[in-house]
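Note sheet for the following structure.
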Amino acid sequence: MLVLSRKQNESIVVGNSVRITVVEVSASGVRLGFEAPPEISIYREEIHLEIARANRAAADVTKSEPAALK
Amino acid sequence: MPAEALVTAEDTEIRFEEGIIGVPRARRFELLERQDSPIRVLRCLDIEGFALPVIDPRLADTTYQPVLGPHVQEALLLEAGEPVLLLAVTTLEPTGPVANLRAPLVINVRRRIAKQVILDDRAYPLRAPVAAR
């Protein structure tokens, strides 16, 4: 993993079209701003993992309990 | 799932170019109708044994009408005002089936291309109970 140090209001550019800015640093966390083209999806990791888990759980039912699918 | 329980609703494949969230290899599917059940099955043609139970999301929320951004319209090559088929991935919990309304499967029926979209709208829950019939 590439690790870079940034201060408040400093940015990081990813590729040609994505910019991530450190908006605020406080005791409770770091606030980041994202500028990216609309086709690039930006989500908190938790929601992504939760949906991936839900997809796999749904698929497991069809595998293990076809009769339950009534 | 026994093959005889399934009736093929559409005999052409539906393509998810980016796969399903968490399962990127699962790209090509077919939608199977089941008799006497609102739960249909999206069977993956890329991964043996991988299939997703899906329902019409309006069975969980009669007012379901998520806003799909322009990038979704573009990714699915939708023309202005062209309708899409929305399906919600369904899991079976002890209390009954629950539908994922936060990340619907959006299908361009005409071109048979599809995408699982994570909605920005937090009003739509990841686990919405499906009304008992």
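Ligands are numbered from 1 in the order shown, chains are lettered A, B, ... in the order of the structure tokens, and residues start at 1 in each chain.
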
In chain A, DSSP strand (DSSP E) residues written as a ChimeraX atom specification | /A:11-14,18-26,29-35

File dump, residues just selected, all heavy atoms, as a compact mmCIF listing (two decimals), in the first residue's frame:
# COMPACT_ATOMS: atom_id res chain seq x y z
N SER A 11 -4.20 17.78 -1.21
CA SER A 11 -4.90 16.77 -2.01
C SER A 11 -3.97 15.68 -2.53
O SER A 11 -2.75 15.82 -2.48
CB SER A 11 -5.58 17.44 -3.23
OG SER A 11 -6.56 18.34 -2.80
N ILE A 12 -4.62 14.66 -3.04
CA ILE A 12 -3.91 13.59 -3.74
C ILE A 12 -4.64 13.37 -5.06
O ILE A 12 -5.88 13.35 -5.09
CB ILE A 12 -3.91 12.29 -2.91
CG1 ILE A 12 -2.95 12.45 -1.72
CG2 ILE A 12 -3.52 11.08 -3.75
CD1 ILE A 12 -3.08 11.38 -0.68
N VAL A 13 -3.91 13.24 -6.13
CA VAL A 13 -4.53 12.99 -7.43
C VAL A 13 -4.30 11.53 -7.81
O VAL A 13 -3.19 11.02 -7.70
CB VAL A 13 -3.92 13.93 -8.50
CG1 VAL A 13 -4.45 13.59 -9.88
CG2 VAL A 13 -4.24 15.39 -8.15
N VAL A 14 -5.38 10.88 -8.23
CA VAL A 14 -5.31 9.48 -8.66
C VAL A 14 -5.65 9.43 -10.14
O VAL A 14 -6.74 9.87 -10.55
CB VAL A 14 -6.29 8.59 -7.87
CG1 VAL A 14 -6.21 7.13 -8.30
CG2 VAL A 14 -6.04 8.70 -6.36
N VAL A 18 -9.24 11.83 -10.79
CA VAL A 18 -9.74 11.71 -9.42
C VAL A 18 -8.87 12.54 -8.48
O VAL A 18 -7.65 12.45 -8.52
CB VAL A 18 -9.74 10.23 -8.95
CG1 VAL A 18 -10.18 10.12 -7.49
CG2 VAL A 18 -10.65 9.39 -9.85
N ARG A 19 -9.53 13.36 -7.65
CA ARG A 19 -8.79 14.14 -6.66
C ARG A 19 -9.41 13.94 -5.29
O ARG A 19 -10.63 14.08 -5.12
CB ARG A 19 -8.79 15.62 -7.03
CG ARG A 19 -7.92 16.44 -6.07
CD ARG A 19 -7.45 17.70 -6.72
NE ARG A 19 -8.57 18.63 -6.86
CZ ARG A 19 -8.46 19.93 -6.69
NH1 ARG A 19 -7.30 20.48 -6.39
NH2 ARG A 19 -9.51 20.71 -6.83
N ILE A 20 -8.58 13.62 -4.33
CA ILE A 20 -9.04 13.40 -2.96
C ILE A 20 -8.39 14.47 -2.08
O ILE A 20 -7.17 14.62 -2.08
CB ILE A 20 -8.62 11.99 -2.46
CG1 ILE A 20 -9.17 10.93 -3.42
CG2 ILE A 20 -9.12 11.75 -1.04
CD1 ILE A 20 -8.55 9.56 -3.26
N THR A 21 -9.22 15.22 -1.36
CA THR A 21 -8.71 16.33 -0.54
C THR A 21 -8.99 16.06 0.94
O THR A 21 -10.08 15.62 1.29
CB THR A 21 -9.41 17.65 -0.96
OG1 THR A 21 -9.20 17.84 -2.35
CG2 THR A 21 -8.86 18.85 -0.20
N VAL A 22 -8.01 16.34 1.78
CA VAL A 22 -8.22 16.26 3.22
C VAL A 22 -8.94 17.54 3.63
O VAL A 22 -8.38 18.62 3.58
CB VAL A 22 -6.88 16.12 3.98
CG1 VAL A 22 -7.12 16.08 5.49
CG2 VAL A 22 -6.13 14.89 3.50
N VAL A 23 -10.21 17.42 4.00
CA VAL A 23 -11.02 18.59 4.31
C VAL A 23 -10.83 19.01 5.77
O VAL A 23 -10.74 20.19 6.09
CB VAL A 23 -12.51 18.30 4.01
CG1 VAL A 23 -13.40 19.46 4.43
CG2 VAL A 23 -12.70 18.01 2.52
N GLU A 24 -10.79 18.01 6.63
CA GLU A 24 -10.70 18.32 8.06
C GLU A 24 -10.05 17.17 8.80
O GLU A 24 -10.32 16.01 8.51
CB GLU A 24 -12.13 18.55 8.59
CG GLU A 24 -12.19 19.10 10.00
CD GLU A 24 -13.63 19.09 10.53
OE1 GLU A 24 -14.56 19.26 9.73
OE2 GLU A 24 -13.78 18.91 11.75
N VAL A 25 -9.19 17.52 9.74
CA VAL A 25 -8.59 16.50 10.60
C VAL A 25 -8.96 16.86 12.03
O VAL A 25 -8.74 17.98 12.46
CB VAL A 25 -7.04 16.49 10.46
CG1 VAL A 25 -6.45 15.39 11.33
CG2 VAL A 25 -6.64 16.29 9.01
N SER A 26 -9.59 15.93 12.72
CA SER A 26 -9.95 16.22 14.11
C SER A 26 -9.77 14.96 14.93
O SER A 26 -9.41 13.90 14.41
CB SER A 26 -11.40 16.70 14.19
OG SER A 26 -12.27 15.63 13.88
N GLY A 29 -11.90 12.00 13.72
CA GLY A 29 -11.66 11.35 12.44
C GLY A 29 -11.15 12.32 11.39
O GLY A 29 -10.87 13.48 11.67
N VAL A 30 -11.06 11.82 10.19
CA VAL A 30 -10.58 12.62 9.05
C VAL A 30 -11.73 12.76 8.07
O VAL A 30 -12.40 11.77 7.74
CB VAL A 30 -9.40 11.91 8.36
CG1 VAL A 30 -8.92 12.70 7.16
CG2 VAL A 30 -8.26 11.67 9.34
N ARG A 31 -12.00 13.97 7.59
CA ARG A 31 -13.02 14.16 6.56
C ARG A 31 -12.33 14.35 5.22
O ARG A 31 -11.41 15.17 5.10
CB ARG A 31 -13.90 15.38 6.88
CG ARG A 31 -14.90 15.11 8.00
CD ARG A 31 -15.53 16.39 8.51
NE ARG A 31 -16.33 17.06 7.49
CZ ARG A 31 -17.55 16.68 7.14
NH1 ARG A 31 -18.13 15.65 7.72
NH2 ARG A 31 -18.22 17.34 6.22
N LEU A 32 -12.78 13.57 4.25
CA LEU A 32 -12.16 13.62 2.93
C LEU A 32 -13.16 14.10 1.89
O LEU A 32 -14.34 13.79 1.98
CB LEU A 32 -11.67 12.21 2.54
CG LEU A 32 -10.67 11.53 3.48
CD1 LEU A 32 -10.44 10.08 3.06
CD2 LEU A 32 -9.35 12.29 3.50
N GLY A 33 -12.70 14.84 0.92
CA GLY A 33 -13.54 15.26 -0.20
C GLY A 33 -13.07 14.54 -1.46
O GLY A 33 -11.88 14.35 -1.66
N PHE A 34 -14.03 14.16 -2.29
CA PHE A 34 -13.70 13.42 -3.51
C PHE A 34 -14.21 14.15 -4.73
O PHE A 34 -15.37 14.55 -4.78
CB PHE A 34 -14.33 12.02 -3.48
CG PHE A 34 -13.78 11.16 -2.38
CD1 PHE A 34 -14.30 11.24 -1.10
CD2 PHE A 34 -12.72 10.31 -2.63
CE1 PHE A 34 -13.79 10.47 -0.07
CE2 PHE A 34 -12.21 9.53 -1.61
CZ PHE A 34 -12.73 9.61 -0.33
N GLU A 35 -13.36 14.31 -5.73
CA GLU A 35 -13.80 14.83 -7.02
C GLU A 35 -13.45 13.77 -8.05
O GLU A 35 -12.28 13.39 -8.19
CB GLU A 35 -13.07 16.13 -7.34
CG GLU A 35 -13.46 17.27 -6.40
CD GLU A 35 -12.42 18.38 -6.41
OE1 GLU A 35 -11.45 18.28 -5.65
OE2 GLU A 35 -12.58 19.31 -7.21

Alpha helix (DSSP H) positions in chain A, given as a list of chain:residue names |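 Residues of chain A classed as alpha helix (DSSP H): A:Glu45, A:Glu46, A:Ile47, A:His48, A:Leu49, A:Glu50, A:Ile51, A:Ala52, A:Arg53, A:Ala54, A:Asn55, A:Arg56, A:Ala57, A:Ala58, A:Ala59, A:Asp60, A:Val61, A:Thr62, A:Lys63, A:Ser64.
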
Expected file contents, prior selection, C-alpha atoms, as a PDB file, in the first residue's frame:
ATOM      1  CA  GLU A  45     -16.096   0.263   2.466  1.00  0.00           C
ATOM      2  CA  GLU A  46     -18.710  -0.983   4.949  1.00  0.00           C
ATOM      3  CA  ILE A  47     -21.654  -0.625   2.549  1.00  0.00           C
ATOM      4  CA  HIS A  48     -19.742  -2.394  -0.191  1.00  0.00           C
ATOM      5  CA  LEU A  49     -18.797  -5.284   2.095  1.00  0.00           C
ATOM      6  CA  GLU A  50     -22.332  -5.537   3.418  1.00  0.00           C
ATOM      7  CA  ILE A  51     -23.808  -5.801  -0.077  1.00  0.00           C
ATOM      8  CA  ALA A  52     -21.176  -8.340  -1.108  1.00  0.00           C
ATOM      9  CA  ARG A  53     -22.030 -10.383   1.988  1.00  0.00           C
ATOM     10  CA  ALA A  54     -25.769 -10.143   1.236  1.00  0.00           C
ATOM     11  CA  ASN A  55     -25.181 -11.330  -2.342  1.00  0.00           C
ATOM     12  CA  ARG A  56     -23.170 -14.329  -1.168  1.00  0.00           C
ATOM     13  CA  ALA A  57     -25.680 -15.176   1.554  1.00  0.00           C
ATOM     14  CA  ALA A  58     -28.500 -15.074  -1.001  1.00  0.00           C
ATOM     15  CA  ALA A  59     -26.566 -17.365  -3.341  1.00  0.00           C
ATOM     16  CA  ASP A  60     -25.866 -19.839  -0.529  1.00  0.00           C
ATOM     17  CA  VAL A  61     -29.563 -20.366   0.056  1.00  0.00           C
ATOM     18  CA  THR A  62     -30.164 -21.489  -3.515  1.00  0.00           C
ATOM     19  CA  LYS A  63     -27.235 -23.867  -3.145  1.00  0.00           C
ATOM     20  CA  SER A  64     -28.030 -25.411   0.208  1.00  0.00           C
TER      21      SER A  64
END

Proximal residues of chain B relative to chain A (only C-alpha atoms; 7 Å) as a list in words =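 Residues of chain B within 7 Å of chain A, counting only C-alpha atoms: Met1, Ile21, Gly22, Ser37, Gly49, Phe50, Ala51, Leu52, Pro53, His71, Val89, Thr90 and Thr91 of chain B.
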
Okay, now the selection with all heavy atoms, as a PDB file, in the first residue's frame?
ATOM      1  N   MET B   1     -31.253 -26.414  -6.754  1.00  0.00           N
ATOM      2  CA  MET B   1     -32.619 -26.203  -7.262  1.00  0.00           C
ATOM      3  C   MET B   1     -32.922 -27.196  -8.373  1.00  0.00           C
ATOM      4  O   MET B   1     -32.210 -27.242  -9.361  1.00  0.00           O
ATOM      5  CB  MET B   1     -32.690 -24.780  -7.817  1.00  0.00           C
ATOM      6  CG  MET B   1     -33.977 -24.496  -8.497  1.00  0.00           C
ATOM      7  SD  MET B   1     -34.583 -22.909  -8.014  1.00  0.00           S
ATOM      8  CE  MET B   1     -34.205 -22.893  -6.286  1.00  0.00           C
ATOM      9  N   ILE B  21     -21.702  -7.414  -7.166  1.00  0.00           N
ATOM     10  CA  ILE B  21     -20.840  -6.865  -6.117  1.00  0.00           C
ATOM     11  C   ILE B  21     -20.358  -7.987  -5.201  1.00  0.00           C
ATOM     12  O   ILE B  21     -21.162  -8.758  -4.675  1.00  0.00           O
ATOM     13  CB  ILE B  21     -21.569  -5.761  -5.326  1.00  0.00           C
ATOM     14  CG1 ILE B  21     -21.829  -4.557  -6.249  1.00  0.00           C
ATOM     15  CG2 ILE B  21     -20.769  -5.332  -4.092  1.00  0.00           C
ATOM     16  CD1 ILE B  21     -22.750  -3.516  -5.695  1.00  0.00           C
ATOM     17  N   GLY B  22     -19.054  -8.095  -5.055  1.00  0.00           N
ATOM     18  CA  GLY B  22     -18.465  -9.150  -4.230  1.00  0.00           C
ATOM     19  C   GLY B  22     -18.185 -10.419  -5.003  1.00  0.00           C
ATOM     20  O   GLY B  22     -17.469 -11.300  -4.527  1.00  0.00           O
ATOM     21  N   SER B  37     -44.478 -18.933  -7.127  1.00  0.00           N
ATOM     22  CA  SER B  37     -43.624 -18.200  -6.206  1.00  0.00           C
ATOM     23  C   SER B  37     -43.256 -16.854  -6.816  1.00  0.00           C
ATOM     24  O   SER B  37     -42.970 -16.771  -8.004  1.00  0.00           O
ATOM     25  CB  SER B  37     -42.353 -18.994  -5.914  1.00  0.00           C
ATOM     26  OG  SER B  37     -41.462 -18.186  -5.174  1.00  0.00           O
ATOM     27  N   GLY B  49     -23.365 -23.552 -10.060  1.00  0.00           N
ATOM     28  CA  GLY B  49     -24.005 -23.584  -8.753  1.00  0.00           C
ATOM     29  C   GLY B  49     -24.271 -22.224  -8.129  1.00  0.00           C
ATOM     30  O   GLY B  49     -24.822 -22.146  -7.042  1.00  0.00           O
ATOM     31  N   PHE B  50     -23.890 -21.146  -8.801  1.00  0.00           N
ATOM     32  CA  PHE B  50     -24.129 -19.812  -8.242  1.00  0.00           C
ATOM     33  C   PHE B  50     -25.431 -19.258  -8.804  1.00  0.00           C
ATOM     34  O   PHE B  50     -25.593 -19.125 -10.022  1.00  0.00           O
ATOM     35  CB  PHE B  50     -22.971 -18.878  -8.593  1.00  0.00           C
ATOM     36  CG  PHE B  50     -23.058 -17.528  -7.929  1.00  0.00           C
ATOM     37  CD1 PHE B  50     -22.588 -17.346  -6.635  1.00  0.00           C
ATOM     38  CD2 PHE B  50     -23.617 -16.443  -8.598  1.00  0.00           C
ATOM     39  CE1 PHE B  50     -22.676 -16.098  -6.025  1.00  0.00           C
ATOM     40  CE2 PHE B  50     -23.709 -15.200  -7.982  1.00  0.00           C
ATOM     41  CZ  PHE B  50     -23.233 -15.030  -6.699  1.00  0.00           C
ATOM     42  N   ALA B  51     -26.354 -18.968  -7.908  1.00  0.00           N
ATOM     43  CA  ALA B  51     -27.649 -18.437  -8.335  1.00  0.00           C
ATOM     44  C   ALA B  51     -28.179 -17.504  -7.256  1.00  0.00           C
ATOM     45  O   ALA B  51     -27.957 -17.728  -6.066  1.00  0.00           O
ATOM     46  CB  ALA B  51     -28.638 -19.565  -8.579  1.00  0.00           C
ATOM     47  N   LEU B  52     -28.847 -16.458  -7.681  1.00  0.00           N
ATOM     48  CA  LEU B  52     -29.394 -15.482  -6.734  1.00  0.00           C
ATOM     49  C   LEU B  52     -30.915 -15.498  -6.785  1.00  0.00           C
ATOM     50  O   LEU B  52     -31.495 -15.313  -7.854  1.00  0.00           O
ATOM     51  CB  LEU B  52     -28.916 -14.069  -7.103  1.00  0.00           C
ATOM     52  CG  LEU B  52     -27.437 -13.759  -6.952  1.00  0.00           C
ATOM     53  CD1 LEU B  52     -27.126 -12.408  -7.591  1.00  0.00           C
ATOM     54  CD2 LEU B  52     -27.038 -13.753  -5.479  1.00  0.00           C
ATOM     55  N   PRO B  53     -31.571 -15.673  -5.626  1.00  0.00           N
ATOM     56  CA  PRO B  53     -33.020 -15.490  -5.601  1.00  0.00           C
ATOM     57  C   PRO B  53     -33.312 -13.993  -5.712  1.00  0.00           C
ATOM     58  O   PRO B  53     -32.663 -13.180  -5.052  1.00  0.00           O
ATOM     59  CB  PRO B  53     -33.441 -16.012  -4.226  1.00  0.00           C
ATOM     60  CG  PRO B  53     -32.213 -16.536  -3.572  1.00  0.00           C
ATOM     61  CD  PRO B  53     -31.026 -16.015  -4.321  1.00  0.00           C
ATOM     62  N   HIS B  71     -24.964   8.233 -14.928  1.00  0.00           N
ATOM     63  CA  HIS B  71     -23.908   7.257 -15.237  1.00  0.00           C
ATOM     64  C   HIS B  71     -24.483   5.849 -15.353  1.00  0.00           C
ATOM     65  O   HIS B  71     -23.958   5.026 -16.088  1.00  0.00           O
ATOM     66  CB  HIS B  71     -22.793   7.315 -14.203  1.00  0.00           C
ATOM     67  CG  HIS B  71     -23.240   7.020 -12.811  1.00  0.00           C
ATOM     68  ND1 HIS B  71     -23.989   7.912 -12.083  1.00  0.00           N
ATOM     69  CD2 HIS B  71     -23.061   5.941 -12.024  1.00  0.00           C
ATOM     70  CE1 HIS B  71     -24.238   7.369 -10.897  1.00  0.00           C
ATOM     71  NE2 HIS B  71     -23.704   6.185 -10.843  1.00  0.00           N
ATOM     72  N   VAL B  89     -32.125  -8.566  -4.810  1.00  0.00           N
ATOM     73  CA  VAL B  89     -31.571  -9.827  -4.325  1.00  0.00           C
ATOM     74  C   VAL B  89     -32.222 -10.147  -2.975  1.00  0.00           C
ATOM     75  O   VAL B  89     -32.359  -9.279  -2.120  1.00  0.00           O
ATOM     76  CB  VAL B  89     -30.035  -9.740  -4.174  1.00  0.00           C
ATOM     77  CG1 VAL B  89     -29.473 -11.030  -3.591  1.00  0.00           C
ATOM     78  CG2 VAL B  89     -29.398  -9.443  -5.527  1.00  0.00           C
ATOM     79  N   THR B  90     -32.640 -11.387  -2.828  1.00  0.00           N
ATOM     80  CA  THR B  90     -33.426 -11.770  -1.664  1.00  0.00           C
ATOM     81  C   THR B  90     -32.708 -12.839  -0.839  1.00  0.00           C
ATOM     82  O   THR B  90     -32.199 -13.805  -1.390  1.00  0.00           O
ATOM     83  CB  THR B  90     -34.783 -12.333  -2.150  1.00  0.00           C
ATOM     84  OG1 THR B  90     -35.400 -11.332  -2.959  1.00  0.00           O
ATOM     85  CG2 THR B  90     -35.702 -12.654  -1.000  1.00  0.00           C
ATOM     86  N   THR B  91     -32.686 -12.629   0.459  1.00  0.00           N
ATOM     87  CA  THR B  91     -32.136 -13.659   1.353  1.00  0.00           C
ATOM     88  C   THR B  91     -33.262 -14.165   2.236  1.00  0.00           C
ATOM     89  O   THR B  91     -34.215 -13.447   2.515  1.00  0.00           O
ATOM     90  CB  THR B  91     -31.003 -13.112   2.256  1.00  0.00           C
ATOM     91  OG1 THR B  91     -31.246 -11.747   2.541  1.00  0.00           O
ATOM     92  CG2 THR B  91     -29.670 -13.254   1.606  1.00  0.00           C
TER      93      THR B  91
END

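In this structure, CA of Val109 (chain B) sits 17.1 Å away from CA of Glu18 (chain B).
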
Distance query region 24-29 of chain B at most 7 Å, only C-alpha atoms, self and fewer than 5 positions along chain excluded, as a list in words |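 Counting only the stated atoms, we get Glu13, Ile14, Arg15, Phe16, Glu17, Glu18, Gly19, Leu42, Arg43, Cys44, Leu45, Asp46 and Ile47 of chain B.
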
List the neighbours of Gln116 (chain B) out to 7 Å using only C-alpha atoms; skip same-chain residues closer than 3 positions along the sequence, and give me the result as a list in words.
-> Ile20, Ile21, Ala103, Pro104, Leu105 and Val106 of chain B

Export of prior selection with N, CA, C and O atoms as a PDB file, in the first residue's frame:
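Result file is selection_32.pdb:
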ATOM      1  N   ILE B  20     -21.345  -9.189 -10.219  1.00  0.00           N
ATOM      2  CA  ILE B  20     -22.180  -8.858  -9.076  1.00  0.00           C
ATOM      3  C   ILE B  20     -21.240  -8.345  -7.982  1.00  0.00           C
ATOM      4  O   ILE B  20     -20.106  -8.799  -7.892  1.00  0.00           O
ATOM      5  N   ILE B  21     -21.702  -7.414  -7.166  1.00  0.00           N
ATOM      6  CA  ILE B  21     -20.840  -6.865  -6.117  1.00  0.00           C
ATOM      7  C   ILE B  21     -20.358  -7.987  -5.201  1.00  0.00           C
ATOM      8  O   ILE B  21     -21.162  -8.758  -4.675  1.00  0.00           O
ATOM      9  N   ALA B 103     -29.268  -1.991  -3.076  1.00  0.00           N
ATOM     10  CA  ALA B 103     -28.416  -2.290  -4.236  1.00  0.00           C
ATOM     11  C   ALA B 103     -29.181  -3.152  -5.243  1.00  0.00           C
ATOM     12  O   ALA B 103     -28.911  -4.337  -5.396  1.00  0.00           O
ATOM     13  N   PRO B 104     -30.161  -2.541  -5.926  1.00  0.00           N
ATOM     14  CA  PRO B 104     -30.973  -3.306  -6.869  1.00  0.00           C
ATOM     15  C   PRO B 104     -30.178  -3.727  -8.109  1.00  0.00           C
ATOM     16  O   PRO B 104     -29.158  -3.124  -8.436  1.00  0.00           O
ATOM     17  N   LEU B 105     -30.676  -4.772  -8.751  1.00  0.00           N
ATOM     18  CA  LEU B 105     -30.146  -5.163 -10.052  1.00  0.00           C
ATOM     19  C   LEU B 105     -30.971  -4.405 -11.080  1.00  0.00           C
ATOM     20  O   LEU B 105     -32.195  -4.508 -11.093  1.00  0.00           O
ATOM     21  N   VAL B 106     -30.315  -3.610 -11.892  1.00  0.00           N
ATOM     22  CA  VAL B 106     -31.005  -2.791 -12.886  1.00  0.00           C
ATOM     23  C   VAL B 106     -30.725  -3.392 -14.260  1.00  0.00           C
ATOM     24  O   VAL B 106     -29.558  -3.569 -14.637  1.00  0.00           O
TER      25      VAL B 106
END
